[in-house]
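Raw contents of work02.cif, mmCIF, C-alpha atoms:
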data_protein
#
loop_
_atom_site.label_atom_id
_atom_site.label_comp_id
_atom_site.auth_asym_id
_atom_site.auth_seq_id
_atom_site.Cartn_x
_atom_site.Cartn_y
_atom_site.Cartn_z
CA MET A 13 0.00 0.00 0.00
CA ASP A 14 1.18 3.51 -0.80
CA ASN A 15 2.10 6.08 1.82
CA VAL A 16 0.03 9.21 1.29
CA LEU A 17 0.15 12.80 2.50
CA ILE A 18 -2.98 14.91 2.05
CA LYS A 19 -2.13 18.61 2.48
CA ASN A 20 -4.30 21.65 3.26
CA ALA A 21 -7.60 19.80 3.63
CA ASN A 22 -10.69 21.06 5.38
CA ILE A 23 -11.13 17.99 7.59
CA VAL A 24 -14.70 17.17 8.67
CA ASN A 25 -14.67 14.90 11.68
CA GLU A 26 -16.45 14.49 15.03
CA GLY A 27 -18.49 17.67 14.83
CA GLN A 28 -15.65 19.92 13.68
CA VAL A 29 -14.25 21.34 10.45
CA PHE A 30 -10.56 22.26 10.68
CA ASN A 31 -7.74 22.80 8.21
CA GLY A 32 -4.84 20.39 8.35
CA ASP A 33 -2.73 17.63 6.88
CA VAL A 34 -3.26 13.88 7.07
CA TYR A 35 -0.47 11.32 6.73
CA ILE A 36 -1.39 7.74 5.80
CA GLU A 37 1.08 4.87 6.24
CA ASN A 38 0.42 1.22 5.37
CA GLY A 39 -3.31 1.89 5.02
CA ILE A 40 -3.67 3.54 8.44
CA PHE A 41 -4.14 7.17 9.47
CA LYS A 42 -0.70 7.71 11.01
CA GLU A 43 -0.75 11.44 11.80
CA ILE A 44 -3.24 14.30 11.70
CA ALA A 45 -1.82 17.76 12.34
CA PRO A 46 -1.91 21.39 11.15
CA GLN A 47 1.24 20.77 9.08
CA ILE A 48 3.06 17.56 8.21
CA SER A 49 6.20 17.18 6.07
CA ALA A 50 6.73 14.21 3.76
CA LYS A 51 8.57 11.45 5.64
CA SER A 52 10.35 10.10 2.54
CA PRO A 53 10.64 10.85 -1.21
CA ASP A 54 8.24 8.03 -2.14
CA VAL A 55 5.24 9.55 -0.33
CA HIS A 56 2.34 10.44 -2.65
CA ILE A 57 1.29 14.03 -1.94
CA PHE A 58 -2.19 15.36 -2.66
CA ASP A 59 -2.87 19.07 -2.37
CA ALA A 60 -6.43 19.38 -1.07
CA GLU A 61 -6.52 23.20 -0.99
CA GLY A 62 -10.17 24.29 -0.89
CA LYS A 63 -11.48 20.72 -0.68
CA TYR A 64 -13.14 18.89 2.21
CA LEU A 65 -11.82 15.59 3.54
CA LEU A 66 -14.50 13.30 4.96
CA PRO A 67 -14.20 9.83 6.47
CA GLY A 68 -15.19 7.14 3.99
CA ILE A 69 -18.95 6.63 3.97
CA ILE A 70 -20.34 3.39 5.40
CA ASP A 71 -23.56 2.29 3.69
CA ASP A 72 -25.39 -0.16 5.94
CA GLN A 73 -27.93 -1.33 3.38
CA VAL A 74 -27.20 -2.33 -0.22
CA HIS A 75 -28.34 -5.02 -2.63
CA PHE A 76 -25.52 -5.88 -5.03
CA ARG A 77 -27.43 -8.82 -6.58
CA GLU A 78 -24.64 -11.40 -6.55
CA PRO A 79 -25.00 -14.34 -6.74
CA GLY A 80 -27.92 -15.20 -8.97
CA LEU A 81 -29.13 -11.81 -10.22
CA THR A 82 -25.96 -10.64 -11.93
CA HIS A 83 -27.78 -9.35 -15.03
CA LYS A 84 -28.75 -6.44 -12.75
CA ALA A 85 -25.50 -5.91 -10.84
CA THR A 86 -22.47 -7.59 -9.28
CA ILE A 87 -20.39 -6.96 -6.19
CA GLU A 88 -17.64 -5.73 -8.52
CA THR A 89 -19.75 -3.29 -10.56
CA GLU A 90 -21.69 -1.82 -7.66
CA SER A 91 -18.74 -1.49 -5.27
CA ARG A 92 -17.03 0.36 -8.13
CA ALA A 93 -20.02 2.71 -8.39
CA ALA A 94 -19.95 3.07 -4.60
CA ILE A 95 -16.38 4.40 -4.47
CA ALA A 96 -17.37 6.98 -7.11
CA GLY A 97 -19.86 8.20 -4.53
CA GLY A 98 -17.40 8.19 -1.63
CA ILE A 99 -18.76 4.98 -0.10
CA THR A 100 -15.75 3.00 1.10
CA SER A 101 -17.57 0.28 3.09
CA PHE A 102 -20.89 -1.48 2.53
CA ILE A 103 -23.12 -4.03 4.21
CA GLU A 104 -25.03 -6.14 1.71
CA MET A 105 -28.38 -7.87 2.05
CA PRO A 106 -29.23 -11.60 1.95
CA ASN A 107 -32.01 -11.69 -0.69
CA THR A 108 -29.80 -12.98 -3.50
CA VAL A 109 -30.24 -16.27 -5.39
CA PRO A 110 -29.66 -18.48 -3.51
CA GLN A 111 -30.59 -16.57 -0.36
CA THR A 112 -27.89 -16.02 2.26
CA THR A 113 -29.62 -18.11 4.89
CA THR A 114 -26.92 -20.70 5.59
CA ILE A 115 -23.33 -20.24 6.79
CA GLU A 116 -22.13 -21.92 3.60
CA LYS A 117 -23.90 -19.43 1.31
CA LEU A 118 -22.75 -16.52 3.48
CA GLU A 119 -19.11 -17.53 3.18
CA GLU A 120 -19.48 -17.92 -0.59
CA LYS A 121 -20.43 -14.24 -0.81
CA PHE A 122 -17.44 -13.26 1.31
CA GLU A 123 -15.22 -15.20 -1.12
CA ILE A 124 -16.66 -13.30 -4.10
CA ALA A 125 -16.14 -9.94 -2.38
CA ALA A 126 -12.57 -10.80 -1.37
CA LYS A 127 -11.73 -11.26 -5.05
CA THR A 128 -13.77 -8.50 -6.69
CA SER A 129 -14.84 -5.71 -4.34
CA TYR A 130 -13.44 -2.18 -4.61
CA ALA A 131 -14.88 -1.22 -1.21
CA ASN A 132 -14.69 -2.81 2.24
CA TYR A 133 -17.49 -5.29 2.75
CA SER A 134 -19.69 -7.24 5.04
CA PHE A 135 -22.95 -9.12 4.61
CA MET A 136 -26.08 -9.66 6.63
CA PHE A 137 -27.30 -13.15 7.36
CA GLY A 138 -30.91 -13.77 6.36
CA GLY A 139 -33.53 -15.05 8.77
CA THR A 140 -36.44 -17.23 7.65
CA ASN A 141 -39.29 -19.09 9.30
CA ASP A 142 -37.13 -22.20 9.65
CA ASN A 143 -33.40 -21.41 9.97
CA LEU A 144 -32.96 -20.51 13.66
CA GLU A 145 -30.33 -23.23 14.03
CA GLU A 146 -28.20 -21.56 11.35
CA ILE A 147 -28.75 -18.09 12.84
CA LEU A 148 -27.27 -19.28 16.12
CA LYS A 149 -24.06 -20.36 14.32
CA VAL A 150 -23.29 -16.83 13.06
CA ASP A 151 -20.15 -15.23 14.53
CA PRO A 152 -21.14 -11.67 15.56
CA LYS A 153 -17.51 -10.50 15.35
CA ARG A 154 -17.37 -11.33 11.64
CA VAL A 155 -20.90 -10.68 10.36
CA ALA A 156 -22.69 -7.33 10.36
CA ALA A 157 -26.18 -8.34 11.48
CA LEU A 158 -29.24 -10.50 10.99
CA LYS A 159 -31.74 -9.26 8.37
CA LEU A 160 -35.44 -10.02 8.66
CA PHE A 161 -38.10 -9.08 6.12
CA LEU A 162 -41.30 -8.45 8.07
CA GLY A 163 -42.93 -7.41 4.79
CA SER A 164 -42.12 -9.19 1.54
CA SER A 165 -39.85 -7.41 -0.92
CA THR A 166 -37.54 -8.47 -3.72
CA GLY A 167 -36.59 -12.09 -3.04
CA ASN A 168 -39.57 -12.94 -0.77
CA MET A 169 -37.82 -13.84 2.49
CA LEU A 170 -40.89 -12.98 4.53
CA VAL A 171 -40.77 -14.03 8.20
CA ASP A 172 -44.47 -14.19 9.07
CA ASN A 173 -44.69 -16.75 11.88
CA PRO A 174 -45.11 -14.78 15.17
CA GLU A 175 -43.76 -17.63 17.31
CA VAL A 176 -40.65 -17.96 15.14
CA LEU A 177 -40.15 -14.21 15.18
CA GLU A 178 -40.24 -14.05 18.98
CA LYS A 179 -37.90 -17.03 19.22
CA ILE A 180 -35.39 -15.30 16.93
CA PHE A 181 -35.62 -12.03 18.87
CA SER A 182 -35.15 -13.95 22.15
CA SER A 183 -32.32 -16.20 21.02
CA THR A 184 -29.72 -14.14 19.15
CA ASP A 185 -27.22 -11.53 20.30
CA LEU A 186 -26.88 -10.30 16.72
CA LEU A 187 -28.18 -6.87 15.83
CA ILE A 188 -31.52 -7.53 14.09
CA ALA A 189 -32.15 -5.28 11.09
CA VAL A 190 -35.70 -5.29 9.77
CA HIS A 191 -37.76 -4.28 6.77
CA CYS A 192 -41.12 -3.30 8.25
CA GLU A 193 -44.33 -3.39 6.20
CA ASP A 194 -47.46 -5.33 7.13
CA GLU A 195 -48.07 -7.98 4.51
CA GLU A 196 -51.81 -8.42 5.02
CA THR A 197 -52.45 -4.68 4.68
CA ILE A 198 -50.46 -4.56 1.43
CA LYS A 199 -52.20 -7.64 0.00
CA SER A 200 -55.62 -6.18 0.76
CA ASN A 201 -54.76 -2.81 -0.78
CA THR A 202 -53.21 -4.42 -3.85
CA ALA A 203 -56.28 -6.57 -4.48
CA LYS A 204 -58.49 -3.49 -4.32
CA TYR A 205 -56.48 -1.63 -6.96
CA ILE A 206 -56.06 -4.68 -9.21
CA ALA A 207 -59.83 -5.04 -9.20
CA GLU A 208 -60.08 -1.47 -10.48
CA TYR A 209 -57.08 -1.20 -12.85
CA GLY A 210 -55.79 -4.71 -13.51
CA ASP A 211 -51.98 -4.95 -13.62
CA ASP A 212 -51.55 -1.42 -14.96
CA ILE A 213 -52.18 0.41 -11.68
CA PRO A 214 -51.04 4.05 -11.86
CA VAL A 215 -47.76 4.17 -9.91
CA LYS A 216 -49.02 7.19 -7.93
CA PHE A 217 -51.05 4.67 -5.88
CA HIS A 218 -47.88 2.86 -4.72
CA PRO A 219 -47.75 4.83 -1.42
CA VAL A 220 -51.46 4.17 -0.93
CA ILE A 221 -51.01 0.43 -1.45
CA ARG A 222 -47.83 0.25 0.66
CA SER A 223 -49.35 2.72 3.06
CA GLU A 224 -48.46 4.57 6.24
CA GLU A 225 -50.68 2.08 8.05
CA ALA A 226 -48.73 -0.88 6.63
CA CYS A 227 -45.43 0.64 7.76
CA TYR A 228 -46.54 1.71 11.23
CA LEU A 229 -48.32 -1.53 12.05
CA SER A 230 -45.20 -3.56 11.29
CA SER A 231 -42.58 -1.23 12.80
CA SER A 232 -44.56 -0.72 16.01
CA GLN A 233 -44.87 -4.49 16.44
CA ALA A 234 -41.12 -4.91 15.88
CA VAL A 235 -40.33 -2.24 18.47
CA ALA A 236 -42.74 -3.84 20.96
CA LEU A 237 -41.12 -7.24 20.43
CA ALA A 238 -37.63 -5.78 20.88
CA LYS A 239 -38.69 -4.16 24.14
CA LYS A 240 -40.25 -7.41 25.33
CA THR A 241 -37.24 -9.59 24.51
CA GLY A 242 -34.38 -7.12 24.93
CA ALA A 243 -33.24 -7.71 21.34
CA ARG A 244 -31.00 -5.16 19.62
CA LEU A 245 -33.22 -3.78 16.82
CA HIS A 246 -32.43 -1.55 13.84
CA ILE A 247 -35.31 -0.51 11.60
CA PHE A 248 -34.38 0.12 7.98
CA HIS A 249 -35.65 2.85 5.64
CA LEU A 250 -38.28 4.76 7.61
CA SER A 251 -40.74 6.43 5.24
CA THR A 252 -43.51 7.96 7.38
CA ALA A 253 -43.87 10.72 9.95
CA LYS A 254 -46.03 8.48 12.13
CA GLU A 255 -43.27 5.94 12.74
CA LEU A 256 -41.04 8.58 14.30
CA GLU A 257 -42.92 8.38 17.61
CA LEU A 258 -41.36 4.93 18.08
CA PHE A 259 -37.82 6.32 18.47
CA THR A 260 -35.95 8.50 20.95
CA ASN A 261 -33.19 11.09 20.93
CA LYS A 262 -32.89 11.23 24.71
CA ILE A 263 -29.93 8.85 25.03
CA PRO A 264 -26.60 8.56 23.14
CA LEU A 265 -26.47 6.25 20.14
CA LYS A 266 -24.09 3.85 21.91
CA GLU A 267 -26.76 3.24 24.55
CA LYS A 268 -29.73 2.79 22.21
CA ARG A 269 -31.21 -0.69 21.85
CA ILE A 270 -33.64 0.44 19.15
CA THR A 271 -32.33 2.51 16.24
CA ALA A 272 -33.52 3.69 12.84
CA GLU A 273 -32.28 4.84 9.47
CA VAL A 274 -33.59 6.90 6.60
CA CYS A 275 -32.64 6.48 2.94
CA ILE A 276 -31.67 9.09 0.39
CA HIS A 277 -34.79 8.61 -1.74
CA HIS A 278 -37.14 9.21 1.19
CA LEU A 279 -35.33 12.49 1.89
CA TRP A 280 -35.25 13.64 -1.75
CA PHE A 281 -38.45 12.55 -3.50
CA SER A 282 -42.14 12.79 -2.60
CA ASP A 283 -45.35 11.42 -4.09
CA VAL A 284 -45.59 14.35 -6.56
CA ASP A 285 -42.51 12.93 -8.32
CA TYR A 286 -44.30 9.74 -9.44
CA GLU A 287 -45.83 11.68 -12.35
CA GLU A 288 -42.40 12.41 -13.84
CA LYS A 289 -40.33 9.45 -12.61
CA GLY A 290 -42.92 6.66 -12.66
CA THR A 291 -41.64 3.23 -11.64
CA LEU A 292 -38.04 4.52 -11.51
CA ILE A 293 -38.88 5.74 -7.98
CA LYS A 294 -40.93 2.68 -7.05
CA TRP A 295 -39.33 1.51 -3.79
CA ASN A 296 -40.47 -0.56 -0.84
CA PRO A 297 -41.33 1.14 1.45
CA ALA A 298 -42.86 3.65 -0.93
CA VAL A 299 -41.84 7.28 -1.29
CA LYS A 300 -44.68 9.07 0.46
CA THR A 301 -45.84 12.66 0.99
CA ALA A 302 -43.82 15.88 1.25
CA LYS A 303 -45.06 16.08 4.85
CA ASP A 304 -43.53 12.66 5.56
CA ARG A 305 -40.30 13.66 3.82
CA ASP A 306 -40.00 16.88 5.83
CA ALA A 307 -40.71 15.07 9.11
CA LEU A 308 -38.02 12.48 8.32
CA PHE A 309 -35.50 15.24 7.66
CA GLU A 310 -36.36 16.98 10.91
CA ALA A 311 -36.07 13.71 12.86
CA LEU A 312 -32.67 13.11 11.27
CA LEU A 313 -31.43 16.50 12.43
CA LYS A 314 -32.85 15.92 15.92
CA ASP A 315 -31.23 12.45 16.21
CA LYS A 316 -34.40 10.39 16.37
CA ILE A 317 -33.06 8.87 13.14
CA ASP A 318 -29.50 7.62 13.53
CA VAL A 319 -28.09 6.88 10.06
CA ILE A 320 -28.49 7.67 6.37
CA ALA A 321 -28.25 4.75 3.92
CA THR A 322 -29.12 4.06 0.28
CA ASP A 323 -30.97 0.74 0.04
CA HIS A 324 -29.19 0.58 -3.33
CA ALA A 325 -31.22 -2.03 -5.23
CA PRO A 326 -30.70 -1.98 -9.00
CA HIS A 327 -32.92 -3.52 -11.65
CA THR A 328 -32.56 -3.26 -15.42
CA LYS A 329 -34.37 -0.45 -17.17
CA GLU A 330 -36.39 -3.07 -19.07
CA GLU A 331 -37.60 -4.55 -15.78
CA LYS A 332 -38.52 -1.14 -14.38
CA ASP A 333 -40.42 -0.21 -17.56
CA ASN A 334 -43.04 -2.90 -16.91
CA VAL A 335 -46.59 -2.20 -15.75
CA TYR A 336 -47.02 -1.56 -12.02
CA THR A 337 -47.54 -5.11 -10.75
CA LYS A 338 -44.60 -6.44 -12.79
CA ALA A 339 -42.14 -3.56 -12.27
CA PRO A 340 -39.84 -4.50 -9.36
CA SER A 341 -39.23 -2.08 -6.49
CA GLY A 342 -35.78 -0.62 -5.92
CA GLY A 343 -33.24 1.54 -7.67
CA PRO A 344 -29.52 2.35 -7.82
CA LEU A 345 -28.21 5.03 -5.42
CA VAL A 346 -24.67 4.46 -4.10
CA GLN A 347 -22.95 6.76 -6.62
CA HIS A 348 -25.25 9.71 -5.95
CA ALA A 349 -26.06 9.56 -2.23
CA LEU A 350 -23.29 11.87 -1.01
CA PRO A 351 -23.79 14.42 -3.84
CA ALA A 352 -27.51 14.48 -2.96
CA MET A 353 -26.80 15.11 0.72
CA LEU A 354 -24.30 17.83 -0.22
CA GLU A 355 -27.07 19.45 -2.22
CA PHE A 356 -29.04 19.73 1.01
CA TYR A 357 -25.94 21.34 2.55
CA HIS A 358 -26.03 23.99 -0.20
CA GLN A 359 -29.71 24.54 0.61
CA ASN A 360 -28.76 25.18 4.27
CA LYS A 361 -30.80 22.17 5.40
CA ILE A 362 -27.93 20.24 6.99
CA SER A 363 -24.30 20.86 7.99
CA LEU A 364 -21.28 18.97 6.69
CA GLU A 365 -20.63 17.82 10.25
CA LYS A 366 -24.12 16.31 10.50
CA ILE A 367 -23.77 14.58 7.11
CA VAL A 368 -20.53 12.97 8.30
CA GLU A 369 -22.13 12.00 11.61
CA LYS A 370 -25.04 10.21 9.92
CA MET A 371 -23.17 8.62 6.99
CA CYS A 372 -19.76 7.84 8.54
CA HIS A 373 -19.56 7.97 12.34
CA ASN A 374 -22.97 6.58 13.28
CA PRO A 375 -22.95 3.47 11.05
CA ALA A 376 -19.59 2.59 12.60
CA ILE A 377 -20.93 3.12 16.12
CA LEU A 378 -24.27 1.42 15.49
CA PHE A 379 -22.73 -1.74 13.98
CA GLN A 380 -19.61 -1.59 16.22
CA ILE A 381 -17.34 -1.63 13.16
CA GLU A 382 -13.69 -1.78 14.16
CA LYS A 383 -11.59 1.33 13.42
CA ARG A 384 -13.58 2.82 10.57
CA GLY A 385 -15.92 5.75 10.06
CA PHE A 386 -13.61 8.41 11.57
CA ILE A 387 -10.47 10.30 10.57
CA LYS A 388 -8.46 9.22 13.60
CA GLU A 389 -4.87 8.17 14.13
CA GLY A 390 -4.70 4.37 14.20
CA TYR A 391 -7.89 3.93 12.15
CA HIS A 392 -8.12 2.41 8.67
CA ALA A 393 -7.51 5.16 6.12
CA ASP A 394 -10.85 5.28 4.31
CA ALA A 395 -11.39 8.86 3.16
CA VAL A 396 -13.11 11.02 0.56
CA LEU A 397 -12.10 14.37 -0.89
CA VAL A 398 -14.99 16.55 -1.99
CA ASP A 399 -15.01 19.72 -4.06
CA ILE A 400 -18.02 21.60 -2.72
CA ASN A 401 -18.17 23.91 -5.76
CA ALA A 402 -17.67 21.70 -8.81
CA PRO A 403 -21.04 21.29 -10.59
CA TRP A 404 -21.73 18.23 -12.73
CA THR A 405 -24.79 16.68 -14.31
CA VAL A 406 -25.76 13.01 -13.98
CA ASN A 407 -25.96 11.45 -17.46
CA LYS A 408 -25.54 8.10 -19.19
CA ASP A 409 -21.82 8.75 -19.76
CA ASN A 410 -20.96 9.10 -16.06
CA ILE A 411 -23.38 6.59 -14.48
CA ALA A 412 -21.28 3.71 -13.12
CA TYR A 413 -24.08 1.25 -12.23
CA LYS A 414 -24.28 -1.93 -14.31
CA CYS A 415 -27.98 -1.21 -14.91
CA GLY A 416 -26.98 2.04 -16.65
CA TRP A 417 -29.68 4.35 -15.27
CA SER A 418 -30.31 6.54 -12.24
CA PRO A 419 -33.37 8.26 -10.77
CA PHE A 420 -31.09 11.33 -10.63
CA GLU A 421 -30.39 11.35 -14.37
CA GLY A 422 -30.53 14.96 -15.59
CA THR A 423 -29.91 16.35 -12.08
CA THR A 424 -27.06 18.85 -11.71
CA PHE A 425 -25.24 18.52 -8.40
CA LYS A 426 -23.14 21.41 -7.09
CA SER A 427 -20.57 19.17 -5.36
CA ARG A 428 -18.33 16.40 -6.63
CA VAL A 429 -16.37 13.52 -5.14
CA THR A 430 -12.85 14.09 -6.48
CA HIS A 431 -10.80 11.40 -4.71
CA THR A 432 -11.67 8.22 -2.81
CA PHE A 433 -9.15 6.32 -0.68
CA VAL A 434 -9.80 2.77 0.55
CA ASN A 435 -7.34 1.56 3.18
CA GLY A 436 -4.96 4.32 2.10
CA SER A 437 -5.03 3.51 -1.61
CA LEU A 438 -6.39 5.94 -4.20
CA VAL A 439 -9.13 4.00 -5.98
CA TYR A 440 -11.06 6.81 -7.70
CA LYS A 441 -10.25 10.30 -8.99
CA ASN A 442 -12.51 12.67 -10.95
CA PHE A 443 -14.59 10.07 -12.83
CA LYS A 444 -11.55 7.82 -13.33
CA PHE A 445 -11.34 4.42 -11.65
CA TYR A 446 -8.07 2.76 -10.71
CA ASN A 447 -7.87 -1.00 -10.92
CA VAL A 448 -6.79 -1.20 -7.29
CA ARG A 449 -8.46 -3.54 -4.85
CA HIS A 450 -7.27 -3.11 -1.30
CA ALA A 451 -10.72 -3.68 0.18
CA GLN A 452 -10.99 -5.59 3.44
CA ARG A 453 -13.65 -7.58 5.23
CA LEU A 454 -15.22 -5.50 7.97
CA THR A 455 -14.74 -6.73 11.52
CA PHE A 456 -16.81 -5.86 14.56
CA ASP A 457 -15.88 -4.94 18.11
CA ARG A 458 -18.38 -7.12 19.95
#
For this file, write the structure as structure tokens.
Amino acid sequence: MDNVLIKNANIVNEGQVFNGDVYIENGIFKEIAPQISAKSPDVHIFDAEGKYLLPGIIDDQVHFREPGLTHKATIETESRAAIAGGITSFIEMPNTVPQTTTIEKLEEKFEIAAKTSYANYSFMFGGTNDNLEEILKVDPKRVAALKLFLGSSTGNMLVDNPEVLEKIFSSTDLLIAVHCEDEETIKSNTAKYIAEYGDDIPVKFHPVIRSEEACYLSSSQAVALAKKTGARLHIFHLSTAKELELFTNKIPLKEKRITAEVCIHHLWFSDVDYEEKGTLIKWNPAVKTAKDRDALFEALLKDKIDVIATDHAPHTKEEKDNVYTKAPSGGPLVQHALPAMLEFYHQNKISLEKIVEKMCHNPAILFQIEKRGFIKEGYHADAVLVDINAPWTVNKDNIAYKCGWSPFEGTTFKSRVTHTFVNGSLVYKNFKFYNVRHAQRLTFDR
């Protein structure tokens, strides 16, 4: 690994922005100081004058589609897109083909990532109605979490047996991450609209079908079960204002047993965007009203919501162009998540310090990831340089996803990721990728 000296950076870390230099040796942040001189002639020097240096982003929820769905994406292609967006570590979901619901299948994914990933990696183990024995074999120091689908989504790993659910919550020390939507409510709503429209339901009804009621019913039950059993619960992709009453900002994140995240698309889009974007913004849970979006943003700023993630879930454009009932939910986001959040910074909605807290520090704290998520001496040198004032427009030529499209296509962002370092190695610079893979498997301090 190269030794690197980043000079004159505006360093954003732990609630502060300060100018300084950062020296990286053997993939580790070795020294952070107002001024540092090169230790030897072979040090690679980067002048970051005017740029901001952030810790590498940790995305706690992605779907990279490998194995089994590689016509949509692979660990290689999507981790490559991730580093273009400043994401240096990801946690990937178990609804691949085959599903990651045995130790054997989990380790097969780790083997793929070890060979092909551009970003640091971990995977969630998938829970089902009948694999508790396998869940109990998972090593919490080497696996991010247990993922449960309490509402069916892509891959149909629905856990719908209440007795099994309580047994899982009672039996594992793993963090339990959940997708919360009530299946019966969604089925009933879907049947109603199919009766009226057939398969070609107008996509504007997606948030009516996958409603506030469906979300709240499921998430409130999950929270109640976590409180009953003492399980460590993390609720993915909140989409409604009503759900926010289930969470607190009265204790530090390290002490919380019940945490929540919000995704980029629920902060950016609202139901008025279905008219223009159609199924391209069809996600589960659905993008809902502007009132919901604004409440989510406020809760994020007030620390009721702990992390920002992407739920990156690509499908081909051909798949998304189907009629409503056949168009899958999900979309690609890892390349554009940080630029979108920086757009909110330009709109004076959020500070750089708060963006770093929610996208870098808090995922590391919440998942107890060892020595990542901060610019600290002794930590792994995952870092991102950002030019706050370097406008660019998302188009087909600069989209890195294998699926080749983005819900942000045509959007002009004011800020650009200029350099991404993974374990001290430069892997991306100004729309150019380097064929360097120094990614590592994430480990956990548990």
Once the PyMOL selection byres ((chain A and resi 138) around 6) has been applied to the shown file, what residues remain in the selection, as a PyMOL selection string? chain A and resi 106+112-113+137+139+158-159
Written file, previous selection with C-alpha atoms, as a PDB file, in the frame of the given file:
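Result saved to part.pdb:
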ATOM      1  CA  PRO A 106     -29.230 -11.600   1.950  1.00  0.00           C
ATOM      2  CA  THR A 112     -27.890 -16.020   2.260  1.00  0.00           C
ATOM      3  CA  THR A 113     -29.620 -18.110   4.890  1.00  0.00           C
ATOM      4  CA  PHE A 137     -27.300 -13.150   7.360  1.00  0.00           C
ATOM      5  CA  GLY A 139     -33.530 -15.050   8.770  1.00  0.00           C
ATOM      6  CA  LEU A 158     -29.240 -10.500  10.990  1.00  0.00           C
ATOM      7  CA  LYS A 159     -31.740  -9.260   8.370  1.00  0.00           C
TER       8      LYS A 159
END
If I take atom CA of A:Thr86 and atom CA of A:Asn141, how far is one from the other in Å, to one decimal? 27.6 Å
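One distance worth recording is that between atom CA of A:Ala157 and atom CA of A:Ser341, which is 23.1 Å.
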Selected by the PyMOL selection byres ((chain A and resi 229-231) around 8) in the shown coordinates: which residues, as an mmCIF file with C-alpha atoms, in the frame of the given file?
data_model
loop_
_atom_site.group_PDB
_atom_site.id
_atom_site.type_symbol
_atom_site.label_atom_id
_atom_site.label_comp_id
_atom_site.auth_asym_id
_atom_site.auth_seq_id
_atom_site.Cartn_x
_atom_site.Cartn_y
_atom_site.Cartn_z
ATOM 1 C CA LEU A 162 -41.300 -8.450 8.070
ATOM 2 C CA GLY A 163 -42.930 -7.410 4.790
ATOM 3 C CA CYS A 192 -41.120 -3.300 8.250
ATOM 4 C CA GLU A 193 -44.330 -3.390 6.200
ATOM 5 C CA ASP A 194 -47.460 -5.330 7.130
ATOM 6 C CA GLU A 225 -50.680 2.080 8.050
ATOM 7 C CA ALA A 226 -48.730 -0.880 6.630
ATOM 8 C CA CYS A 227 -45.430 0.640 7.760
ATOM 9 C CA TYR A 228 -46.540 1.710 11.230
ATOM 10 C CA SER A 232 -44.560 -0.720 16.010
ATOM 11 C CA GLN A 233 -44.870 -4.490 16.440
ATOM 12 C CA ALA A 234 -41.120 -4.910 15.880
ATOM 13 C CA VAL A 235 -40.330 -2.240 18.470
ATOM 14 C CA ILE A 247 -35.310 -0.510 11.600
ATOM 15 C CA GLU A 255 -43.270 5.940 12.740
#
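Across the structure, atom CA of A:Val176 and atom CA of A:Thr140 are spaced 8.6 Å apart.
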I need the output of the PyMOL selection byres ((chain A and resi 97) around 9) for this file as a compact mmCIF listing (two decimals) with C-alpha atoms, in the frame of the given file; which residues are they?
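After the write, out_5.txt holds the following:
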# COMPACT_ATOMS: atom_id res chain seq x y z
CA ILE A 69 -18.95 6.63 3.97
CA ALA A 93 -20.02 2.71 -8.39
CA ALA A 94 -19.95 3.07 -4.60
CA ILE A 95 -16.38 4.40 -4.47
CA ALA A 96 -17.37 6.98 -7.11
CA GLY A 98 -17.40 8.19 -1.63
CA ILE A 99 -18.76 4.98 -0.10
CA THR A 100 -15.75 3.00 1.10
CA LEU A 345 -28.21 5.03 -5.42
CA VAL A 346 -24.67 4.46 -4.10
CA GLN A 347 -22.95 6.76 -6.62
CA HIS A 348 -25.25 9.71 -5.95
CA ALA A 349 -26.06 9.56 -2.23
CA LEU A 350 -23.29 11.87 -1.01
CA PRO A 351 -23.79 14.42 -3.84
CA VAL A 396 -13.11 11.02 0.56
CA ARG A 428 -18.33 16.40 -6.63
CA VAL A 429 -16.37 13.52 -5.14
CA THR A 432 -11.67 8.22 -2.81
A:Thr328: which residues within 12 Å, counting only C-alpha atoms, same-chain residues fewer than 2 positions away excluded, as a PyMOL selection string? chain A and resi 77+81-85+291-292+325-326+330-334+339-344+413-418
For A:Val274, which of A:Ser52, A:Ser437, A:Gln73, A:Thr128 is the closest residue, counting all atoms listed in the file? A:Gln73
Determine the nearest neighbour of A:Phe122 from the options A:Ser101, A:Asn447, A:Ser134, A:Ser282, counting all atoms listed in the file. A:Ser134
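Of the residues listed (A:Glu37, A:Glu287, A:Asp409, A:Glu43), A:Glu43 shows the shortest atom-to-atom separation from A:Glu389; distances use all atoms listed in the file.
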Counting all atoms listed in the file, which residues have an atom no more than 12 Å from (-21.7, 21.6, 9.1) in the file's coordinates? Please list them as a short mmCIF file (atom, residue, chain, number, x, y, z; two decimals) with C-alpha atoms, in the coordinates of the input.
data_model
loop_
_atom_site.label_atom_id
_atom_site.label_comp_id
_atom_site.auth_asym_id
_atom_site.auth_seq_id
_atom_site.Cartn_x
_atom_site.Cartn_y
_atom_site.Cartn_z
CA ASN A 22 -10.69 21.06 5.38
CA ILE A 23 -11.13 17.99 7.59
CA VAL A 24 -14.70 17.17 8.67
CA ASN A 25 -14.67 14.90 11.68
CA GLU A 26 -16.45 14.49 15.03
CA GLY A 27 -18.49 17.67 14.83
CA GLN A 28 -15.65 19.92 13.68
CA VAL A 29 -14.25 21.34 10.45
CA PHE A 30 -10.56 22.26 10.68
CA TYR A 64 -13.14 18.89 2.21
CA LEU A 66 -14.50 13.30 4.96
CA LEU A 313 -31.43 16.50 12.43
CA MET A 353 -26.80 15.11 0.72
CA LEU A 354 -24.30 17.83 -0.22
CA PHE A 356 -29.04 19.73 1.01
CA TYR A 357 -25.94 21.34 2.55
CA HIS A 358 -26.03 23.99 -0.20
CA ASN A 360 -28.76 25.18 4.27
CA LYS A 361 -30.80 22.17 5.40
CA ILE A 362 -27.93 20.24 6.99
CA SER A 363 -24.30 20.86 7.99
CA LEU A 364 -21.28 18.97 6.69
CA GLU A 365 -20.63 17.82 10.25
CA LYS A 366 -24.12 16.31 10.50
CA ILE A 367 -23.77 14.58 7.11
CA VAL A 368 -20.53 12.97 8.30
CA GLU A 369 -22.13 12.00 11.61
CA LYS A 370 -25.04 10.21 9.92
#
